[in-house]
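Here is data15.cif, consisting of mmCIF, C-alpha atoms:
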```cif
data_work
loop_
_atom_site.group_PDB
_atom_site.id
_atom_site.type_symbol
_atom_site.label_atom_id
_atom_site.label_comp_id
_atom_site.auth_asym_id
_atom_site.auth_seq_id
_atom_site.Cartn_x
_atom_site.Cartn_y
_atom_site.Cartn_z
ATOM 1 C CA MET A 1 0.000 0.000 0.000
ATOM 2 C CA ASN A 2 1.382 3.375 -0.995
ATOM 3 C CA LEU A 3 0.948 5.751 1.929
ATOM 4 C CA LYS A 4 3.029 8.494 0.374
ATOM 5 C CA PRO A 5 0.789 11.568 0.501
ATOM 6 C CA THR A 6 -0.570 12.752 -2.835
ATOM 7 C CA PHE A 7 -3.488 14.975 -3.705
ATOM 8 C CA ASN A 8 -6.249 13.739 -5.989
ATOM 9 C CA LYS A 9 -8.622 16.505 -7.113
ATOM 10 C CA THR A 10 -11.287 14.084 -8.324
ATOM 11 C CA TYR A 11 -11.582 12.230 -5.023
ATOM 12 C CA PHE A 12 -11.430 15.505 -3.101
ATOM 13 C CA GLY A 13 -14.268 16.860 -5.249
ATOM 14 C CA LEU A 14 -16.270 13.730 -4.470
ATOM 15 C CA PHE A 15 -15.416 14.122 -0.778
ATOM 16 C CA THR A 16 -16.687 17.701 -0.831
ATOM 17 C CA LEU A 17 -19.901 16.670 -2.613
ATOM 18 C CA VAL A 18 -20.632 13.740 -0.283
ATOM 19 C CA LEU A 19 -19.826 15.859 2.782
ATOM 20 C CA LEU A 20 -22.283 18.532 1.580
ATOM 21 C CA ILE A 21 -24.956 15.883 1.046
ATOM 22 C CA GLU A 22 -24.316 14.456 4.528
ATOM 23 C CA ILE A 23 -24.592 17.927 6.084
ATOM 24 C CA LEU A 24 -27.831 18.625 4.220
ATOM 25 C CA ILE A 25 -29.254 15.271 5.347
ATOM 26 C CA ALA A 26 -28.272 15.986 8.958
ATOM 27 C CA LEU A 27 -29.750 19.486 8.928
ATOM 28 C CA TYR A 28 -32.904 19.094 6.865
ATOM 29 C CA VAL A 29 -34.012 15.487 6.434
ATOM 30 C CA ARG A 30 -36.299 14.024 9.085
ATOM 31 C CA ASP A 31 -37.576 10.829 7.546
ATOM 32 C CA ALA A 32 -37.441 7.107 8.169
ATOM 33 C CA PHE A 33 -35.202 6.147 5.235
ATOM 34 C CA ILE A 34 -32.778 8.742 3.893
ATOM 35 C CA ARG A 35 -31.447 10.008 7.209
ATOM 36 C CA PRO A 36 -31.019 6.694 9.030
ATOM 37 C CA TYR A 37 -29.995 4.525 6.080
ATOM 38 C CA MET A 38 -28.603 6.614 3.225
ATOM 39 C CA GLY A 39 -26.669 8.766 5.687
ATOM 40 C CA ASP A 40 -24.851 5.655 6.931
ATOM 41 C CA VAL A 41 -24.229 4.358 3.406
ATOM 42 C CA LEU A 42 -22.720 7.718 2.478
ATOM 43 C CA CYS A 43 -20.639 7.800 5.660
ATOM 44 C CA ILE A 44 -18.615 4.821 4.396
ATOM 45 C CA VAL A 45 -18.259 6.458 0.981
ATOM 46 C CA LEU A 46 -17.230 9.734 2.642
ATOM 47 C CA MET A 47 -14.398 8.085 4.571
ATOM 48 C CA TYR A 48 -13.245 6.275 1.426
ATOM 49 C CA VAL A 49 -13.069 9.341 -0.815
ATOM 50 C CA PHE A 50 -11.392 11.310 1.984
ATOM 51 C CA ILE A 51 -8.584 8.756 2.219
ATOM 52 C CA LYS A 52 -8.286 8.495 -1.567
ATOM 53 C CA SER A 53 -8.055 12.312 -1.752
ATOM 54 C CA PHE A 54 -4.698 12.225 0.012
ATOM 55 C CA PHE A 55 -3.271 8.738 -0.499
ATOM 56 C CA ASN A 56 -2.861 6.623 -3.622
ATOM 57 C CA THR A 57 -4.106 3.393 -2.087
ATOM 58 C CA LYS A 58 -5.624 0.350 -3.738
ATOM 59 C CA VAL A 59 -9.390 0.166 -3.954
ATOM 60 C CA MET A 60 -10.097 -3.082 -2.100
ATOM 61 C CA PRO A 61 -7.852 -2.575 0.954
ATOM 62 C CA THR A 62 -9.101 0.987 1.368
ATOM 63 C CA ALA A 63 -12.751 -0.043 0.975
ATOM 64 C CA ILE A 64 -12.285 -2.865 3.495
ATOM 65 C CA PHE A 65 -10.529 -0.462 5.883
ATOM 66 C CA VAL A 66 -13.423 2.036 5.914
ATOM 67 C CA LEU A 67 -15.944 -0.804 6.208
ATOM 68 C CA MET A 68 -14.065 -2.080 9.259
ATOM 69 C CA ILE A 69 -14.107 1.424 10.777
ATOM 70 C CA GLY A 70 -17.891 1.552 10.384
ATOM 71 C CA ILE A 71 -18.353 -1.916 11.839
ATOM 72 C CA THR A 72 -16.014 -1.135 14.744
ATOM 73 C CA VAL A 73 -17.775 2.112 15.616
ATOM 74 C CA GLU A 74 -21.182 0.431 15.430
ATOM 75 C CA THR A 75 -19.988 -2.416 17.644
ATOM 76 C CA LEU A 76 -18.654 0.096 20.170
ATOM 77 C CA GLN A 77 -22.081 1.745 20.144
ATOM 78 C CA TYR A 78 -23.537 -1.592 21.210
ATOM 79 C CA PHE A 79 -21.366 -1.382 24.316
ATOM 80 C CA ASN A 80 -22.356 2.280 24.878
ATOM 81 C CA PHE A 81 -18.701 3.339 24.863
ATOM 82 C CA VAL A 82 -19.364 7.068 24.455
ATOM 83 C CA GLU A 83 -21.172 7.116 27.793
ATOM 84 C CA LYS A 84 -18.714 4.766 29.464
ATOM 85 C CA LEU A 85 -15.801 7.003 28.416
ATOM 86 C CA GLY A 86 -17.713 10.093 29.510
ATOM 87 C CA ILE A 87 -17.291 11.879 26.172
ATOM 88 C CA GLN A 88 -19.006 15.260 26.450
ATOM 89 C CA ASN A 89 -17.945 16.915 23.169
ATOM 90 C CA LYS A 90 -21.178 17.208 21.158
ATOM 91 C CA ALA A 91 -19.513 16.915 17.735
ATOM 92 C CA LEU A 92 -17.559 13.837 18.789
ATOM 93 C CA ARG A 93 -20.709 12.273 20.256
ATOM 94 C CA ILE A 94 -22.495 12.807 16.917
ATOM 95 C CA ILE A 95 -19.587 11.412 14.884
ATOM 96 C CA LEU A 96 -19.196 8.345 17.088
ATOM 97 C CA GLY A 97 -22.922 7.820 17.421
ATOM 98 C CA MET A 98 -25.034 7.139 20.447
ATOM 99 C CA SER A 99 -27.370 4.339 19.414
ATOM 100 C CA PHE A 100 -26.742 0.839 18.150
ATOM 101 C CA GLU A 101 -28.770 -0.561 15.258
ATOM 102 C CA TRP A 102 -28.197 -3.975 13.703
ATOM 103 C CA THR A 103 -29.337 -2.605 10.350
ATOM 104 C CA ASP A 104 -26.401 -0.177 10.319
ATOM 105 C CA TYR A 105 -24.112 -3.097 9.519
ATOM 106 C CA LEU A 106 -26.128 -3.597 6.328
ATOM 107 C CA THR A 107 -25.874 0.083 5.412
ATOM 108 C CA TYR A 108 -22.090 -0.061 5.829
ATOM 109 C CA ILE A 109 -21.928 -3.104 3.563
ATOM 110 C CA ALA A 110 -24.094 -1.232 1.049
ATOM 111 C CA GLY A 111 -21.638 1.689 1.191
ATOM 112 C CA PHE A 112 -18.760 -0.746 0.639
ATOM 113 C CA LEU A 113 -20.544 -2.248 -2.392
ATOM 114 C CA LEU A 114 -21.323 1.235 -3.726
ATOM 115 C CA ILE A 115 -17.609 2.071 -3.549
ATOM 116 C CA LEU A 116 -16.668 -1.080 -5.454
ATOM 117 C CA ALA A 117 -19.360 -0.466 -8.092
ATOM 118 C CA GLY A 118 -18.339 3.166 -8.500
ATOM 119 C CA GLU A 119 -14.684 2.267 -8.866
ATOM 120 C CA LYS A 120 -15.487 -0.451 -11.388
ATOM 121 C CA LEU A 121 -17.578 1.977 -13.455
ATOM 122 C CA SER A 122 -14.874 4.636 -13.344
ATOM 123 C CA ARG A 123 -12.216 2.119 -14.455
ATOM 124 C CA LYS A 124 -14.341 1.187 -17.500
ATOM 125 C CA ARG A 125 -14.336 4.817 -18.614
#
```
Turn this file's structure into structure tokens for me.
Amino acid sequence: MNLKPTFNKTYFGLFTLVLLIEILIALYVRDAFIRPYMGDVLCIVLMYVFIKSFFNTKVMPTAIFVLMIGITVETLQYFNFVEKLGIQNKALRIILGMSFEWTDYLTYIAGFLLILAGEKLSRKR
């Protein structure tokens, strides 16, 4: 894996777009599908394009890495680690999440699959 820092404008543009979408979802969407499910799918994509913005890493290891981050954070939510650690910072509490949902594992896998599909499509072009 090449961890030599580089800057990729395309991935950074995608990062900016996905971040904007995530912010808009967080601020304005109050539904039972987009906010709880699509927000989590996009969270995995967001982490992926952020990493790819600054490092020339291979697709599969990077996609697996961000999937494992999502799964780890969700598992820690099951154990209520934010409360157990006494984290008071509101932004950090939002990022780390406060509630466990089994379905979030599926949304993270969907984000992982979306990454692989997007990369495959972009390679064909």
Counting all atoms listed in the file, which residues sit no farther than 12 Å from the position (-3.2, 16.7, -1.6) in the file's frame? I'd like them as a list in words.
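Taken together, the residues in range are Lys4, Pro5, Thr6, Phe7, Asn8, Lys9, Thr10, Tyr11, Phe12, Gly13, Phe50, Ile51, Lys52, Ser53, Phe54, Phe55 and Asn56 of chain A.
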Give me the result of the PyMOL selection byres ((chain A and resi 28-39) around 12) on this file, residue by residue, as a count of residues only.
33
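The coordinates place atom CA of Arg123 of chain A at 25.5 Å from atom CA of Gly70 of chain A.
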So how far away is atom CA of Phe112 of chain A from atom CA of Tyr78 of chain A, in Å?
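So the answer is 21.1 Å.
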Point-to-point distance in Å for atom CA of Gln88 of chain A and atom CA of Val73 of chain A:
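Between atom CA of Val73 of chain A and atom CA of Gln88 of chain A the gap is 17.1 Å.
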Got a minute to add N, CA and C atoms to segment 14-45 of chain A and dump it as a PDB file, in the frame of the given file?
```
ATOM      1  N   LEU A  14     -15.243  14.665  -4.934  1.00  0.00           N
ATOM      2  CA  LEU A  14     -16.270  13.730  -4.470  1.00  0.00           C
ATOM      3  C   LEU A  14     -16.453  13.824  -2.958  1.00  0.00           C
ATOM      4  N   PHE A  15     -15.338  13.954  -2.232  1.00  0.00           N
ATOM      5  CA  PHE A  15     -15.416  14.122  -0.778  1.00  0.00           C
ATOM      6  C   PHE A  15     -16.245  15.355  -0.427  1.00  0.00           C
ATOM      7  N   THR A  16     -15.968  16.458  -1.096  1.00  0.00           N
ATOM      8  CA  THR A  16     -16.687  17.701  -0.831  1.00  0.00           C
ATOM      9  C   THR A  16     -18.177  17.536  -1.125  1.00  0.00           C
ATOM     10  N   LEU A  17     -18.502  16.894  -2.237  1.00  0.00           N
ATOM     11  CA  LEU A  17     -19.901  16.670  -2.613  1.00  0.00           C
ATOM     12  C   LEU A  17     -20.615  15.784  -1.599  1.00  0.00           C
ATOM     13  N   VAL A  18     -19.998  14.662  -1.229  1.00  0.00           N
ATOM     14  CA  VAL A  18     -20.632  13.740  -0.283  1.00  0.00           C
ATOM     15  C   VAL A  18     -20.756  14.395   1.095  1.00  0.00           C
ATOM     16  N   LEU A  19     -19.747  15.149   1.500  1.00  0.00           N
ATOM     17  CA  LEU A  19     -19.826  15.859   2.782  1.00  0.00           C
ATOM     18  C   LEU A  19     -20.988  16.846   2.778  1.00  0.00           C
ATOM     19  N   LEU A  20     -21.154  17.590   1.696  1.00  0.00           N
ATOM     20  CA  LEU A  20     -22.283  18.532   1.580  1.00  0.00           C
ATOM     21  C   LEU A  20     -23.619  17.796   1.678  1.00  0.00           C
ATOM     22  N   ILE A  21     -23.721  16.674   0.988  1.00  0.00           N
ATOM     23  CA  ILE A  21     -24.956  15.883   1.046  1.00  0.00           C
ATOM     24  C   ILE A  21     -25.211  15.405   2.469  1.00  0.00           C
ATOM     25  N   GLU A  22     -24.166  14.925   3.142  1.00  0.00           N
ATOM     26  CA  GLU A  22     -24.316  14.456   4.528  1.00  0.00           C
ATOM     27  C   GLU A  22     -24.763  15.593   5.447  1.00  0.00           C
ATOM     28  N   ILE A  23     -24.204  16.765   5.268  1.00  0.00           N
ATOM     29  CA  ILE A  23     -24.592  17.927   6.084  1.00  0.00           C
ATOM     30  C   ILE A  23     -26.048  18.293   5.827  1.00  0.00           C
ATOM     31  N   LEU A  24     -26.439  18.305   4.555  1.00  0.00           N
ATOM     32  CA  LEU A  24     -27.831  18.625   4.220  1.00  0.00           C
ATOM     33  C   LEU A  24     -28.795  17.591   4.805  1.00  0.00           C
ATOM     34  N   ILE A  25     -28.419  16.314   4.744  1.00  0.00           N
ATOM     35  CA  ILE A  25     -29.254  15.271   5.347  1.00  0.00           C
ATOM     36  C   ILE A  25     -29.384  15.511   6.850  1.00  0.00           C
ATOM     37  N   ALA A  26     -28.259  15.790   7.501  1.00  0.00           N
ATOM     38  CA  ALA A  26     -28.272  15.986   8.958  1.00  0.00           C
ATOM     39  C   ALA A  26     -29.111  17.197   9.362  1.00  0.00           C
ATOM     40  N   LEU A  27     -29.052  18.251   8.568  1.00  0.00           N
ATOM     41  CA  LEU A  27     -29.750  19.486   8.928  1.00  0.00           C
ATOM     42  C   LEU A  27     -31.225  19.506   8.539  1.00  0.00           C
ATOM     43  N   TYR A  28     -31.567  18.874   7.415  1.00  0.00           N
ATOM     44  CA  TYR A  28     -32.904  19.094   6.865  1.00  0.00           C
ATOM     45  C   TYR A  28     -33.772  17.851   6.678  1.00  0.00           C
ATOM     46  N   VAL A  29     -33.207  16.680   6.718  1.00  0.00           N
ATOM     47  CA  VAL A  29     -34.012  15.487   6.434  1.00  0.00           C
ATOM     48  C   VAL A  29     -34.436  14.823   7.741  1.00  0.00           C
ATOM     49  N   ARG A  30     -35.727  14.668   7.893  1.00  0.00           N
ATOM     50  CA  ARG A  30     -36.299  14.024   9.085  1.00  0.00           C
ATOM     51  C   ARG A  30     -37.261  12.933   8.632  1.00  0.00           C
ATOM     52  N   ASP A  31     -36.718  11.899   8.041  1.00  0.00           N
ATOM     53  CA  ASP A  31     -37.576  10.829   7.546  1.00  0.00           C
ATOM     54  C   ASP A  31     -37.120   9.495   8.112  1.00  0.00           C
ATOM     55  N   ALA A  32     -37.744   8.436   7.644  1.00  0.00           N
ATOM     56  CA  ALA A  32     -37.441   7.107   8.169  1.00  0.00           C
ATOM     57  C   ALA A  32     -36.548   6.295   7.239  1.00  0.00           C
ATOM     58  N   PHE A  33     -36.062   6.903   6.149  1.00  0.00           N
ATOM     59  CA  PHE A  33     -35.202   6.147   5.235  1.00  0.00           C
ATOM     60  C   PHE A  33     -33.896   6.861   4.916  1.00  0.00           C
ATOM     61  N   ILE A  34     -33.994   8.062   4.345  1.00  0.00           N
ATOM     62  CA  ILE A  34     -32.778   8.742   3.893  1.00  0.00           C
ATOM     63  C   ILE A  34     -31.836   9.028   5.061  1.00  0.00           C
ATOM     64  N   ARG A  35     -32.330   9.655   6.092  1.00  0.00           N
ATOM     65  CA  ARG A  35     -31.447  10.008   7.209  1.00  0.00           C
ATOM     66  C   ARG A  35     -30.835   8.781   7.897  1.00  0.00           C
ATOM     67  N   PRO A  36     -31.639   7.805   8.298  1.00  0.00           N
ATOM     68  CA  PRO A  36     -31.019   6.694   9.030  1.00  0.00           C
ATOM     69  C   PRO A  36     -30.241   5.706   8.154  1.00  0.00           C
ATOM     70  N   TYR A  37     -30.638   5.545   6.905  1.00  0.00           N
ATOM     71  CA  TYR A  37     -29.995   4.525   6.080  1.00  0.00           C
ATOM     72  C   TYR A  37     -29.019   5.121   5.060  1.00  0.00           C
ATOM     73  N   MET A  38     -29.485   6.037   4.246  1.00  0.00           N
ATOM     74  CA  MET A  38     -28.603   6.614   3.225  1.00  0.00           C
ATOM     75  C   MET A  38     -27.459   7.405   3.854  1.00  0.00           C
ATOM     76  N   GLY A  39     -27.727   8.041   4.985  1.00  0.00           N
ATOM     77  CA  GLY A  39     -26.669   8.766   5.687  1.00  0.00           C
ATOM     78  C   GLY A  39     -25.533   7.838   6.088  1.00  0.00           C
ATOM     79  N   ASP A  40     -25.876   6.626   6.541  1.00  0.00           N
ATOM     80  CA  ASP A  40     -24.851   5.655   6.931  1.00  0.00           C
ATOM     81  C   ASP A  40     -24.132   5.071   5.716  1.00  0.00           C
ATOM     82  N   VAL A  41     -24.862   4.827   4.645  1.00  0.00           N
ATOM     83  CA  VAL A  41     -24.229   4.358   3.406  1.00  0.00           C
ATOM     84  C   VAL A  41     -23.197   5.396   2.954  1.00  0.00           C
ATOM     85  N   LEU A  42     -23.610   6.650   2.939  1.00  0.00           N
ATOM     86  CA  LEU A  42     -22.720   7.718   2.478  1.00  0.00           C
ATOM     87  C   LEU A  42     -21.555   7.965   3.431  1.00  0.00           C
ATOM     88  N   CYS A  43     -21.728   7.643   4.695  1.00  0.00           N
ATOM     89  CA  CYS A  43     -20.639   7.800   5.660  1.00  0.00           C
ATOM     90  C   CYS A  43     -19.436   6.945   5.271  1.00  0.00           C
ATOM     91  N   ILE A  44     -19.688   5.714   4.834  1.00  0.00           N
ATOM     92  CA  ILE A  44     -18.615   4.821   4.396  1.00  0.00           C
ATOM     93  C   ILE A  44     -17.963   5.388   3.132  1.00  0.00           C
ATOM     94  N   VAL A  45     -18.778   5.858   2.210  1.00  0.00           N
ATOM     95  CA  VAL A  45     -18.259   6.458   0.981  1.00  0.00           C
ATOM     96  C   VAL A  45     -17.436   7.701   1.310  1.00  0.00           C
TER      97      VAL A  45
END
```
